>>> print(open('data00.tsv').read())   # TSV, C-alpha atoms
chain	number	residue	atom	x	y	z
A	7	MET	CA	5.32	-15.65	-24.50
A	8	ASN	CA	2.90	-12.76	-24.13
A	9	VAL	CA	2.62	-9.57	-22.11
A	10	ALA	CA	1.32	-11.44	-19.05
A	11	PHE	CA	4.46	-13.57	-18.85
A	12	LEU	CA	6.77	-10.61	-19.46
A	13	TYR	CA	5.36	-8.84	-16.40
A	14	THR	CA	5.30	-12.08	-14.40
A	15	LEU	CA	9.05	-12.41	-14.96
A	16	VAL	CA	9.58	-8.76	-13.96
A	17	GLY	CA	7.63	-9.57	-10.77
A	18	VAL	CA	9.88	-12.56	-10.05
A	19	GLY	CA	12.91	-10.32	-10.65
A	20	LEU	CA	11.62	-7.65	-8.25
A	21	PHE	CA	10.93	-10.28	-5.58
A	22	CYS	CA	14.47	-11.66	-5.82
A	23	LEU	CA	16.11	-8.19	-5.87
A	24	GLY	CA	14.13	-7.28	-2.76
A	25	LEU	CA	15.04	-10.55	-1.01
A	26	TYR	CA	18.73	-10.02	-1.81
A	27	ALA	CA	18.68	-6.50	-0.34
A	28	LEU	CA	16.69	-7.71	2.67
A	29	ILE	CA	19.46	-10.20	3.48
A	30	VAL	CA	22.50	-8.12	2.55
A	31	GLN	CA	21.61	-4.60	3.72
A	32	ALA	CA	21.96	-3.94	7.44
A	33	HIS	CA	20.14	-0.61	7.54
A	34	LEU	CA	16.57	-1.14	8.73
A	35	LEU	CA	15.02	1.58	6.53
A	36	ARG	CA	16.59	-0.13	3.55
A	37	LYS	CA	15.09	-3.41	4.71
A	38	ILE	CA	11.64	-1.77	4.68
A	39	LEU	CA	12.20	-0.59	1.11
A	40	ALA	CA	13.35	-4.12	0.22
A	41	PHE	CA	10.27	-5.62	1.82
A	42	ASN	CA	7.96	-3.27	-0.06
A	43	ILE	CA	9.68	-4.08	-3.35
A	44	MET	CA	9.31	-7.81	-2.64
A	45	GLY	CA	5.62	-7.17	-2.04
A	46	SER	CA	5.30	-5.23	-5.31
A	47	GLY	CA	6.93	-8.17	-7.10
A	48	ILE	CA	4.38	-10.59	-5.66
A	49	PHE	CA	1.49	-8.27	-6.57
A	50	LEU	CA	2.85	-8.02	-10.10
A	51	VAL	CA	2.99	-11.82	-10.46
A	52	LEU	CA	-0.61	-12.14	-9.20
A	53	VAL	CA	-2.04	-9.47	-11.50
A	54	ALA	CA	0.04	-10.42	-14.54
A	55	LEU	CA	-1.16	-14.02	-14.26
A	56	ALA	CA	-4.75	-12.73	-14.00
A	57	LYS	CA	-4.22	-11.08	-17.42
A	58	ARG	CA	-3.97	-14.50	-19.11
A	59	SER	CA	-7.63	-14.20	-20.06
A	60	GLY	CA	-6.63	-12.86	-23.46
A	61	ASN	CA	-8.82	-9.98	-24.60
A	62	ALA	CA	-11.61	-10.69	-22.09
A	63	ILE	CA	-11.69	-8.82	-18.77
A	64	PRO	CA	-8.95	-10.08	-16.43
A	65	ASP	CA	-9.75	-12.18	-13.36
A	66	PRO	CA	-10.98	-9.65	-10.75
A	67	VAL	CA	-10.24	-11.85	-7.71
A	68	PRO	CA	-6.43	-11.31	-7.71
A	69	HIS	CA	-7.10	-7.60	-8.37
A	70	ALA	CA	-9.17	-7.39	-5.19
A	71	MET	CA	-6.51	-9.33	-3.25
A	72	VAL	CA	-3.79	-6.93	-4.44
A	73	ILE	CA	-5.80	-3.84	-3.43
A	74	THR	CA	-6.23	-5.38	0.03
A	75	GLY	CA	-2.51	-6.20	0.04
A	76	ILE	CA	-1.46	-2.64	-0.81
A	77	VAL	CA	-3.42	-1.24	2.14
A	78	VAL	CA	-2.06	-3.88	4.53
A	79	ALA	CA	1.49	-3.18	3.26
A	80	VAL	CA	1.20	0.54	3.96
A	81	SER	CA	-0.08	-0.03	7.51
A	82	ALA	CA	2.73	-2.52	8.18
A	83	THR	CA	5.24	-0.01	6.78
A	84	ALA	CA	3.92	2.71	9.09
A	85	LEU	CA	4.28	0.41	12.11
A	86	ALA	CA	7.77	-0.69	11.06
A	87	LEU	CA	8.91	2.93	10.59
A	88	THR	CA	7.65	3.83	14.07
A	89	LEU	CA	9.54	0.86	15.53
A	90	ILE	CA	12.72	1.94	13.72
A	91	LEU	CA	12.44	5.51	15.02
A	92	LYS	CA	11.94	4.17	18.55
A	93	LEU	CA	14.94	1.87	18.18
A	94	THR	CA	17.07	4.70	16.80
A	95	THR	CA	16.07	6.93	19.71
A	96	GLU	CA	16.98	4.19	22.22
A	97	THR	CA	20.20	2.83	20.75
A	98	GLY	CA	21.41	5.52	18.35
A	99	LYS	CA	21.61	2.94	15.59
A	100	ALA	CA	19.31	2.11	12.71
A	101	GLU	CA	20.31	-1.53	12.58
A	102	LEU	CA	19.69	-4.60	14.65
A	103	PRO	CA	22.46	-5.83	16.92
A	104	ASP	CA	24.33	-8.91	15.75
A	105	GLU	CA	23.26	-12.11	17.36
A	106	GLY	CA	25.17	-12.80	20.55
A	107	GLY	CA	24.96	-9.11	21.49
A	108	GLU	CA	28.62	-8.15	21.81
B	31	MET	CA	-0.84	-3.66	-36.88
B	32	GLU	CA	2.61	-5.19	-36.76
B	33	ALA	CA	4.19	-1.84	-36.03
B	34	LEU	CA	1.71	-1.17	-33.24
B	35	SER	CA	2.44	-4.48	-31.59
B	36	LEU	CA	6.20	-3.83	-31.89
B	37	LEU	CA	5.64	-0.44	-30.24
B	38	GLN	CA	3.67	-2.07	-27.42
B	39	TRP	CA	6.32	-4.69	-26.91
B	40	SER	CA	9.08	-2.12	-26.68
B	41	PHE	CA	6.98	-0.07	-24.26
B	42	ASP	CA	6.33	-3.09	-22.05
B	43	GLY	CA	9.98	-4.12	-22.21
B	44	LEU	CA	11.19	-0.63	-21.31
B	45	LEU	CA	8.67	-0.35	-18.47
B	46	GLY	CA	9.73	-3.72	-17.05
B	47	LEU	CA	13.43	-2.84	-17.27
B	48	SER	CA	12.84	0.58	-15.66
B	49	LEU	CA	10.98	-1.08	-12.78
B	50	LEU	CA	13.87	-3.46	-12.15
B	51	TRP	CA	16.48	-0.71	-12.51
B	52	LEU	CA	14.64	1.73	-10.19
B	53	ALA	CA	14.14	-1.02	-7.59
B	54	TRP	CA	17.82	-1.91	-7.74
B	55	GLN	CA	18.93	1.72	-7.45
B	56	ALA	CA	16.54	2.32	-4.53
B	57	LEU	CA	18.05	-0.68	-2.76
B	58	VAL	CA	21.75	0.00	-3.30
B	59	CYS	CA	22.34	3.77	-3.69
B	60	THR	CA	24.23	5.17	-0.71
B	61	ASP	CA	22.05	8.23	-0.01
B	62	LEU	CA	18.88	7.21	1.83
B	63	PHE	CA	16.94	10.30	0.75
B	64	LYS	CA	17.72	9.48	-2.87
B	65	ALA	CA	16.67	5.87	-2.23
B	66	VAL	CA	13.28	7.01	-0.92
B	67	VAL	CA	12.73	9.32	-3.89
B	68	LEU	CA	13.63	6.49	-6.27
B	69	PHE	CA	11.19	4.27	-4.41
B	70	ILE	CA	8.40	6.82	-4.94
B	71	ALA	CA	9.26	6.92	-8.66
B	72	PHE	CA	9.14	3.12	-8.61
B	73	GLY	CA	5.61	3.31	-7.16
B	74	LEU	CA	4.48	5.65	-9.93
B	75	LEU	CA	5.84	3.30	-12.59
B	76	MET	CA	4.05	0.44	-10.82
B	77	ALA	CA	0.80	2.42	-11.22
B	78	LEU	CA	1.53	2.68	-14.95
B	79	THR	CA	2.17	-1.07	-15.05
B	80	TRP	CA	-1.23	-1.76	-13.47
B	81	VAL	CA	-2.85	0.25	-16.24
B	82	ARG	CA	-0.97	-1.84	-18.83
B	83	LEU	CA	-2.27	-4.97	-17.12
B	84	ALA	CA	-5.88	-3.69	-17.36
B	85	ALA	CA	-6.14	-3.19	-13.60
B	86	PRO	CA	-7.22	0.47	-13.21
B	87	ASP	CA	-8.58	-0.15	-9.70
B	88	ILE	CA	-5.12	-1.18	-8.51
B	89	ALA	CA	-3.51	1.68	-10.43
B	90	LEU	CA	-5.61	4.18	-8.47
B	91	ALA	CA	-4.79	2.51	-5.16
B	92	GLU	CA	-1.08	2.26	-6.00
B	93	ALA	CA	-0.79	5.91	-7.08
B	94	ALA	CA	-2.50	7.12	-3.90
B	95	ILE	CA	-1.11	4.64	-1.37
B	96	GLY	CA	1.89	2.83	-2.83
B	97	ALA	CA	3.59	5.92	-4.21
B	98	GLY	CA	1.87	8.75	-2.32
B	99	LEU	CA	1.27	7.72	1.26
B	100	THR	CA	4.20	5.28	1.61
B	101	GLY	CA	6.49	7.97	0.20
B	102	ALA	CA	5.11	10.53	2.65
B	103	LEU	CA	5.61	8.08	5.54
B	104	LEU	CA	9.22	7.36	4.51
B	105	LEU	CA	10.10	11.04	4.01
B	106	SER	CA	8.47	11.93	7.32
B	107	ALA	CA	10.51	9.20	9.07
B	108	LEU	CA	13.71	10.66	7.59
B	109	ALA	CA	12.67	14.16	8.74
B	110	ARG	CA	11.82	12.92	12.25
B	111	SER	CA	15.10	11.13	12.62
B	112	ARG	CA	16.73	14.56	12.17
B	113	VAL	CA	14.75	15.82	15.15
B	114	ILE	CA	15.99	12.86	17.22
B	115	GLN	CA	19.56	14.03	16.95
B	116	ALA	CA	20.10	17.56	18.10
B	117	ASN	CA	22.88	18.59	15.73
B	118	GLY	CA	20.63	18.16	12.72
B	119	GLU	CA	22.49	15.21	11.30
B	120	SER	CA	20.02	12.46	10.53
B	121	LEU	CA	20.83	9.28	12.39
B	122	LEU	CA	18.95	7.26	9.83
B	123	ASN	CA	21.09	8.73	7.12
B	124	VAL	CA	24.45	7.76	8.61
B	125	PRO	CA	25.81	5.34	6.05
B	126	LEU	CA	26.42	2.05	7.79
B	127	ALA	CA	29.50	0.10	6.97
B	128	ALA	CA	28.36	-2.52	4.53
B	129	ARG	CA	27.72	-5.61	6.56
B	130	LYS	CA	30.70	-7.87	6.50
B	131	LEU	CA	29.11	-10.63	4.57
B	132	GLN	CA	31.82	-12.77	3.12
B	133	PHE	CA	29.07	-14.83	1.64
B	134	ARG	CA	27.41	-11.97	-0.24
B	135	TRP	CA	28.19	-13.70	-3.52
B	136	LEU	CA	26.77	-16.94	-2.15
B	137	VAL	CA	23.48	-15.12	-1.35
B	138	ALA	CA	23.49	-13.72	-4.89
B	139	ILE	CA	24.04	-17.16	-6.44
B	140	ILE	CA	21.34	-18.82	-4.32
B	141	LEU	CA	18.88	-16.05	-5.23
B	142	LEU	CA	19.75	-16.39	-8.92
B	143	ILE	CA	18.86	-20.07	-8.63
B	144	VAL	CA	15.61	-19.12	-6.82
B	145	ALA	CA	14.82	-16.59	-9.58
B	146	ALA	CA	15.51	-19.17	-12.28
B	147	GLY	CA	13.32	-21.73	-10.51
B	148	LEU	CA	10.46	-19.27	-10.03
B	149	GLY	CA	10.77	-18.10	-13.64
B	150	TYR	CA	10.71	-21.68	-14.87
B	151	ALA	CA	7.66	-22.40	-12.72
B	152	VAL	CA	5.62	-19.41	-13.95
B	153	LEU	CA	6.57	-20.00	-17.59
B	154	GLY	CA	5.23	-23.55	-17.23
B	155	LEU	CA	1.75	-22.23	-16.42
B	156	PRO	CA	-0.90	-22.50	-19.16
B	157	PRO	CA	-0.83	-19.36	-21.37
B	158	GLU	CA	-4.63	-19.01	-21.28
B	159	ALA	CA	-6.54	-19.21	-18.04
B	160	ALA	CA	-9.81	-17.52	-17.17
B	161	GLY	CA	-9.35	-18.04	-13.42
B	162	LEU	CA	-12.48	-17.11	-11.53
B	163	SER	CA	-13.56	-14.38	-13.95
B	164	THR	CA	-16.39	-16.47	-15.46
B	165	GLU	CA	-17.83	-17.19	-12.00
B	166	VAL	CA	-17.60	-13.53	-11.06
B	167	ALA	CA	-19.22	-12.45	-14.33
B	168	ALA	CA	-22.02	-15.00	-13.88
B	169	ASN	CA	-22.88	-13.72	-10.39
B	170	LEU	CA	-22.25	-10.03	-11.00
B	171	THR	CA	-25.96	-9.20	-11.41
B	172	LEU	CA	-26.63	-10.61	-7.93
B	173	SER	CA	-23.82	-8.63	-6.29
B	174	GLY	CA	-25.53	-5.25	-6.31
B	175	VAL	CA	-22.66	-3.47	-8.10
B	176	GLY	CA	-21.38	-3.38	-11.69
B	177	ASN	CA	-17.63	-3.22	-11.09
B	178	PRO	CA	-16.32	-6.81	-10.72
B	179	VAL	CA	-13.44	-5.75	-8.44
B	180	THR	CA	-15.82	-3.94	-6.06
B	181	ALA	CA	-18.13	-6.96	-6.18
B	182	VAL	CA	-15.27	-9.23	-5.10
B	183	LEU	CA	-14.03	-6.83	-2.41
B	184	LEU	CA	-17.37	-5.97	-0.82
B	185	ASN	CA	-19.55	-8.96	-1.62
B	186	PHE	CA	-17.97	-12.24	-2.76
B	187	ARG	CA	-14.93	-11.90	-0.52
B	188	ALA	CA	-16.16	-9.28	1.93
B	189	TYR	CA	-14.66	-11.39	4.71
B	190	ASP	CA	-11.15	-10.44	3.50
B	191	THR	CA	-12.06	-6.77	3.58
B	192	LEU	CA	-13.51	-7.10	7.09
B	193	LEU	CA	-10.24	-8.61	8.31
B	194	GLU	CA	-8.27	-5.97	6.46
B	195	MET	CA	-10.11	-3.16	8.23
B	196	ALA	CA	-9.19	-4.92	11.48
B	197	VAL	CA	-5.52	-5.07	10.40
B	198	LEU	CA	-5.51	-1.31	9.73
B	199	LEU	CA	-6.99	-0.64	13.16
B	200	LEU	CA	-4.50	-3.00	14.79
B	201	ALA	CA	-1.55	-1.28	13.08
B	202	LEU	CA	-2.73	2.10	14.38
B	203	LEU	CA	-3.22	0.72	17.91
B	204	ALA	CA	0.31	-0.69	17.81
B	205	VAL	CA	1.74	2.65	16.64
B	206	TRP	CA	-0.17	4.53	19.33
B	207	SER	CA	0.89	2.12	22.05
B	208	LEU	CA	4.53	2.78	21.18
B	209	GLY	CA	4.04	6.30	22.54
B	210	GLY	CA	5.00	9.66	21.16
B	211	LEU	CA	7.56	10.36	18.50
B	212	PRO	CA	9.49	13.57	18.03
B	213	GLN	CA	7.17	15.89	16.15
B	214	ARG	CA	8.24	17.89	13.17
B	215	GLU	CA	8.38	21.58	13.94
B	216	ALA	CA	5.37	23.21	12.33
B	217	VAL	CA	6.38	25.17	9.26
B	218	THR	CA	4.50	28.32	8.39
B	219	ASP	CA	4.64	28.53	4.66
B	220	PRO	CA	2.09	30.83	2.99
B	221	VAL	CA	2.31	28.88	-0.29
B	222	LEU	CA	1.57	25.59	1.46
B	223	ASP	CA	-1.26	27.23	3.42
B	224	SER	CA	-3.06	28.54	0.35
B	225	LEU	CA	-2.40	25.30	-1.53
B	226	VAL	CA	-3.98	23.34	1.31
B	227	ARG	CA	-6.99	25.68	1.35
B	228	LEU	CA	-7.47	25.07	-2.37
B	229	LEU	CA	-6.78	21.34	-2.37
B	230	ILE	CA	-8.73	20.07	0.65
B	231	PRO	CA	-12.23	20.67	-0.82
B	232	VAL	CA	-11.10	19.20	-4.16
B	233	LEU	CA	-9.67	16.11	-2.44
B	234	ILE	CA	-12.86	15.57	-0.45
B	235	LEU	CA	-14.88	15.90	-3.66
B	236	VAL	CA	-12.60	13.47	-5.53
B	237	SER	CA	-12.87	11.02	-2.64
B	238	ALA	CA	-16.67	11.16	-2.69
B	239	TYR	CA	-16.67	10.76	-6.47
B	240	LEU	CA	-14.38	7.70	-6.32
B	241	LEU	CA	-16.62	6.19	-3.64
B	242	TRP	CA	-19.78	6.71	-5.69
B	243	VAL	CA	-18.36	5.70	-9.07
B	244	GLY	CA	-16.70	2.60	-7.57
B	245	ALA	CA	-19.99	0.70	-7.88
B	246	ASP	CA	-19.76	0.61	-11.67
B	247	ALA	CA	-16.30	1.86	-12.69
B	248	PRO	CA	-12.75	1.82	-11.28
B	249	GLY	CA	-12.80	3.30	-7.78
B	250	GLY	CA	-14.20	2.28	-4.43
B	251	ALA	CA	-13.67	2.53	-0.70
B	252	PHE	CA	-9.90	2.00	-0.66
B	253	GLN	CA	-9.15	4.53	-3.37
B	254	ALA	CA	-11.59	7.04	-1.85
B	255	GLY	CA	-10.17	6.43	1.63
B	256	SER	CA	-6.60	6.96	0.49
B	257	VAL	CA	-7.49	10.23	-1.25
B	258	LEU	CA	-9.20	11.33	1.97
B	259	SER	CA	-6.08	10.41	3.93
B	260	ALA	CA	-4.01	12.49	1.49
B	261	ALA	CA	-6.18	15.46	2.51
B	262	GLY	CA	-5.47	14.62	6.15
B	263	VAL	CA	-1.71	14.35	5.53
B	264	LEU	CA	-1.71	17.76	3.78
B	265	LEU	CA	-3.57	19.32	6.72
B	266	LEU	CA	-1.10	17.80	9.18
B	267	LEU	CA	1.85	19.04	7.11
B	268	ALA	CA	0.40	22.54	7.12
B	269	GLY	CA	0.42	22.46	10.92
B	270	TRP	CA	-3.26	21.79	11.51
B	271	ARG	CA	-4.01	19.63	14.55
B	272	LEU	CA	-7.22	17.96	15.54
B	273	PRO	CA	-9.03	20.10	18.15
B	274	LEU	CA	-8.88	18.37	21.53
B	275	ARG	CA	-12.64	18.03	21.80
B	276	LEU	CA	-12.59	15.98	18.57
B	277	ALA	CA	-9.48	14.02	19.50
B	278	GLN	CA	-11.16	11.85	22.11
B	279	ARG	CA	-14.42	10.05	21.35
B	280	PRO	CA	-15.21	11.46	17.87
B	281	LEU	CA	-11.79	10.40	16.53
B	282	ARG	CA	-12.04	6.93	18.05
B	283	PHE	CA	-15.55	6.57	16.73
B	284	ALA	CA	-14.37	7.46	13.20
B	285	LEU	CA	-11.51	4.94	13.50
B	286	VAL	CA	-13.64	1.95	14.52
B	287	ALA	CA	-16.74	2.84	12.49
B	288	GLY	CA	-15.62	0.86	9.41
B	289	THR	CA	-14.79	-2.34	11.30
B	290	GLY	CA	-17.84	-1.87	13.53
B	291	THR	CA	-20.30	-1.46	10.64
B	292	PHE	CA	-18.73	-4.44	8.89
B	293	ILE	CA	-19.19	-6.62	11.99
B	294	ALA	CA	-22.74	-5.34	12.51
B	295	ILE	CA	-23.72	-6.19	8.93
B	296	ALA	CA	-21.93	-9.55	9.21
B	297	VAL	CA	-24.00	-10.39	12.31
B	298	LEU	CA	-27.23	-9.18	10.67
B	299	THR	CA	-26.65	-11.30	7.55
B	300	LEU	CA	-25.69	-14.25	9.72
B	301	ILE	CA	-29.03	-13.98	11.52
B	302	SER	CA	-31.20	-13.31	8.45
B	303	THR	CA	-29.60	-15.51	5.75
B	304	GLY	CA	-27.63	-17.91	7.92
B	305	ARG	CA	-24.34	-17.06	6.17
B	306	LEU	CA	-21.70	-14.54	7.14
B	307	LEU	CA	-21.78	-11.41	4.91
B	308	GLU	CA	-24.10	-12.95	2.36
B	309	TYR	CA	-26.40	-10.07	1.43
B	310	PRO	CA	-29.90	-10.57	0.06
B	311	PRO	CA	-29.50	-9.61	-3.66
B	312	ALA	CA	-32.26	-6.99	-3.48
B	313	GLN	CA	-30.51	-5.01	-0.71
B	314	ALA	CA	-26.93	-5.79	-1.74
B	315	GLY	CA	-26.34	-2.48	-3.55
B	316	THR	CA	-27.54	-0.40	-0.58
B	317	LEU	CA	-25.59	-2.44	1.96
B	318	ILE	CA	-22.41	-2.18	-0.10
B	319	LEU	CA	-22.81	1.60	-0.43
B	320	ILE	CA	-23.28	1.98	3.34
B	321	LEU	CA	-20.28	-0.25	4.05
B	322	GLU	CA	-18.10	1.57	1.54
B	323	ALA	CA	-19.08	5.02	2.79
B	324	VAL	CA	-18.25	4.19	6.41
B	325	ALA	CA	-15.12	2.25	5.41
B	326	THR	CA	-13.89	5.24	3.35
B	327	ILE	CA	-14.02	7.53	6.37
B	328	SER	CA	-12.36	4.96	8.63
B	329	ILE	CA	-9.60	4.18	6.10
B	330	GLY	CA	-8.95	7.88	5.50
B	331	VAL	CA	-8.78	8.75	9.20
B	332	THR	CA	-6.71	5.67	10.09
B	333	LEU	CA	-4.12	6.28	7.37
B	334	ALA	CA	-3.81	9.97	8.31
B	335	ALA	CA	-3.46	8.96	11.98
B	336	LEU	CA	-0.73	6.47	11.00
B	337	PHE	CA	1.08	9.35	9.29
B	338	GLN	CA	0.77	11.50	12.41
B	339	GLY	CA	2.21	8.67	14.51
B	340	ALA	CA	1.43	9.46	18.12
B	341	SER	CA	-2.08	9.54	19.51
B	342	PRO	CA	-3.32	13.15	19.71
B	343	VAL	CA	-4.35	12.64	23.34
B	344	HIS	CA	-0.90	11.31	24.20
B	345	LYS	CA	0.70	14.41	22.76
B	346	GLU	CA	-1.47	16.72	24.84
B	347	LYS	CA	-0.37	14.97	28.03
B	348	GLN	CA	3.30	15.57	27.39
>>> encode(input="data00.tsv", output="structure tokens")
Amino acid sequence: MNVAFLYTLVGVGLFCLGLYALIVQAHLLRKILAFNIMGSGIFLVLVALAKRSGNAIPDPVPHAMVITGIVVAVSATALALTLILKLTTETGKAELPDEGGE
Amino acid sequence: MEALSLLQWSFDGLLGLSLLWLAWQALVCTDLFKAVVLFIAFGLLMALTWVRLAAPDIALAEAAIGAGLTGALLLSALARSRVIQANGESLLNVPLAARKLQFRWLVAIILLIVAAGLGYAVLGLPPEAAGLSTEVAANLTLSGVGNPVTAVLLNFRAYDTLLEMAVLLLALLAVWSLGGLPQREAVTDPVLDSLVRLLIPVLILVSAYLLWVGADAPGGAFQAGSVLSAAGVLLLLAGWRLPLRLAQRPLRFALVAGTGTFIAIAVLTLISTGRLLEYPPAQAGTLILILEAVATISIGVTLAALFQGASPVHKEKQ
């Protein structure tokens, strides 16, 4: 067990916390937070596993992938927030209707 | 030596626990504003974690984008939802009745099993693995830059970055095509005004520095672009709007310049070397600098435009 595996486990924990909130919470803004935290967990797993090189420089390929991922995540978040605001303006609610549309 | 390693272990342990605790609090606390603030704090701790994992390039990007810009977007969405409802009560902040999930505990148990499975899987991985770092190090001299992360982003896997620029553009097009959003009323705050006057030149300078230094040290187009977008967000918050004569073609040109230059260079390399985005080693450094400079401007303008929401032209028509 070294530092890389400690942070890998934290990443797994963050992913599962985010997934739990994504399923359980109805509020859409909360779902966006959950999704971002899931993403952070995945990034943490990728980068922590790249640190297994010991004292040498870590693997730069996952680093580059995570930087790309952070920028994609923020643009997806911006789009999702705009959709939520539109939905809230239309329906007055910040949640999706239950299936079956009562 | 032993004491130092104990100190490091306790630091790493505390950092990991704080990350999990902040994430949990951000996901369950009843006040949405508090949740967003906790999420921003979570982003800052993530930046610290990247430094601990010897990933300063990601730390810079996370501090500027993950904590900074995402936080600004979330806070601005909360503020806008107040404008949507006339009486000032934020619709987004109305606490919803917790969804009637009788099977909430079942979800928790299944996810505990998933967590245990994932944990078991990652702990089974070999404790030492070089990954692709030896290949990257072997080819670094041919890449035209000295920073391995920049070499991967702009040379070895430039294709990813090309597609990512397209994703950014696509996200902005989607936001614009959704039409206008309620705008925040412009605040006239003398403190904010003078702060903006002081900070904008500094931010532009920092952005240019990050772009230049990214060739050999942590930094690069994404970090520089996000610092530039922070300048744009500050200007927008202070009530500055793009003059109409700049809002049409010049703005669109700035938005597509990054993707356009990328595609142009991809086509040129395809014709001259026969492979997509494979630069001749002698010109690689120059090509990467050109790409990064244009990409920085496009990323900065696109992210600031995402913060603004509606297309400036659309707003004028209303």
>>> residues_near_point(input="data00.tsv", point="(-2.1, -1.9, 15.4)", cutoff="12 Å", atoms="all atoms listed in the file", output="MDAnalysis selection string")
(chainID A and resid 78 81:86 88:89) or (chainID B and resid 194:208 285 332:333 335:336 339)
>>> interface_residues(input="data00.tsv", of="chain A", to="chain B", cutoff="6 Å", atoms="all atoms listed in the file", output="MDAnalysis selection string")
chainID A and resid 16 58:59 65:66 70 73 81 85 100
>>> residues_around(input="data00.tsv", residues="Asp219 of chain B", least_positions_apart="3", cutoff="12 Å", atoms="all atoms listed in the file", output="MDAnalysis selection string")
chainID B and resid 216 222:226 267:269
>>> write_last_selection(input="data00.tsv", atoms="C-alpha atoms", output="short mmCIF file (atom, residue, chain, number, x, y, z; two decimals), in the coordinates of the input")
data_model
loop_
_atom_site.label_atom_id
_atom_site.label_comp_id
_atom_site.auth_asym_id
_atom_site.auth_seq_id
_atom_site.Cartn_x
_atom_site.Cartn_y
_atom_site.Cartn_z
CA ALA B 216 5.37 23.21 12.33
CA LEU B 222 1.57 25.59 1.46
CA ASP B 223 -1.26 27.23 3.42
CA SER B 224 -3.06 28.54 0.35
CA LEU B 225 -2.40 25.30 -1.53
CA VAL B 226 -3.98 23.34 1.31
CA LEU B 267 1.85 19.04 7.11
CA ALA B 268 0.40 22.54 7.12
CA GLY B 269 0.42 22.46 10.92
#
>>> residues_near_point(input="data00.tsv", point="(2.1, -9.7, -9.2)", cutoff="10 Å", atoms="only C-alpha atoms", output="ChimeraX atom specification")
/A:13-18,20-21,44-56,68-69,72 /B:80
>>> atom_distance(input="data00.tsv", atom1="atom CA of Val324 of chain B", atom2="atom CA of Ser173 of chain B")
18.9 Å
>>> closest_residue(input="data00.tsv", among="B:Thr289, B:Ser328, B:Gln278, B:Ser302", to="Ser259 of chain B", atoms="all atoms listed in the file")
B:Ser328
>>> atom_distance(input="data00.tsv", atom1="atom CA of Ala93 of chain B", atom2="atom CA of Val175 of chain B")
23.8 Å
>>> closest_residue(input="data00.tsv", among="A:Ala27, A:Ala32, A:Ala10, A:Ile38", to="Ala79 of chain A", atoms="all atoms listed in the file")
A:Ile38
>>> atom_distance(input="data00.tsv", atom1="atom CA of Gly60 of chain A", atom2="atom CA of Val9 of chain A")
9.9 Å
>>> closest_residue(input="data00.tsv", among="B:Leu36, B:Val236, B:Leu298, B:Leu136", to="Tyr26 of chain A", atoms="all atoms listed in the file")
B:Leu136
>>> residues_around(input="data00.tsv", residues="Leu240 of chain B", least_positions_apart="3", cutoff="8 Å", atoms="all atoms listed in the file", output="PyMOL selection string")
chain B and resi 236-237+243-244+248-251+253-254
>>> closest_residue(input="data00.tsv", among="A:Lys57, A:Ile90, A:Ala62, A:Leu34", to="Phe11 of chain A", atoms="all atoms listed in the file")
A:Lys57
>>> closest_residue(input="data00.tsv", among="B:Leu37, B:Gly154, B:Arg112, B:Asp61", to="Thr95 of chain A", atoms="all atoms listed in the file")
B:Arg112
>>> axis_aligned_box(input="data00.tsv", around="segment 14-30 of chain A", padding_each_side="5 Å", output="lines of an AutoDock Vina configuration file")
center_x = 13.9
center_y = -9.5
center_z = -5.7
size_x = 27.2
size_y = 16.1
size_z = 28.4
>>> closest_residue(input="data00.tsv", among="B:Ile70, B:Ala325, B:Leu192, B:Ala109", to="Ala284 of chain B", atoms="only C-alpha atoms")
B:Ala325
>>> decode(input="data00.tsv", residues="segment 78-99 of chain A", atoms="C-alpha atoms", output="PDB file, in the first residue's frame")
ATOM      1  CA  VAL A  78     -14.966  18.930 -21.296  1.00  0.00           C
ATOM      2  CA  ALA A  79     -16.622  18.596 -17.858  1.00  0.00           C
ATOM      3  CA  VAL A  80     -16.910  22.357 -17.429  1.00  0.00           C
ATOM      4  CA  SER A  81     -18.466  22.831 -20.871  1.00  0.00           C
ATOM      5  CA  ALA A  82     -20.946  20.014 -20.204  1.00  0.00           C
ATOM      6  CA  THR A  83     -21.762  21.590 -16.829  1.00  0.00           C
ATOM      7  CA  ALA A  84     -22.430  24.959 -18.478  1.00  0.00           C
ATOM      8  CA  LEU A  85     -24.793  23.325 -20.989  1.00  0.00           C
ATOM      9  CA  ALA A  86     -26.564  21.332 -18.266  1.00  0.00           C
ATOM     10  CA  LEU A  87     -27.058  24.454 -16.116  1.00  0.00           C
ATOM     11  CA  THR A  88     -28.581  26.308 -19.074  1.00  0.00           C
ATOM     12  CA  LEU A  89     -30.955  23.393 -19.690  1.00  0.00           C
ATOM     13  CA  ILE A  90     -31.974  23.386 -16.013  1.00  0.00           C
ATOM     14  CA  LEU A  91     -32.676  27.124 -16.027  1.00  0.00           C
ATOM     15  CA  LYS A  92     -34.775  26.698 -19.179  1.00  0.00           C
ATOM     16  CA  LEU A  93     -36.672  23.802 -17.608  1.00  0.00           C
ATOM     17  CA  THR A  94     -37.230  25.768 -14.409  1.00  0.00           C
ATOM     18  CA  THR A  95     -38.551  28.724 -16.404  1.00  0.00           C
ATOM     19  CA  GLU A  96     -40.952  26.454 -18.323  1.00  0.00           C
ATOM     20  CA  THR A  97     -42.232  24.173 -15.574  1.00  0.00           C
ATOM     21  CA  GLY A  98     -41.432  25.983 -12.333  1.00  0.00           C
ATOM     22  CA  LYS A  99     -39.645  22.897 -11.076  1.00  0.00           C
TER      23      LYS A  99
END
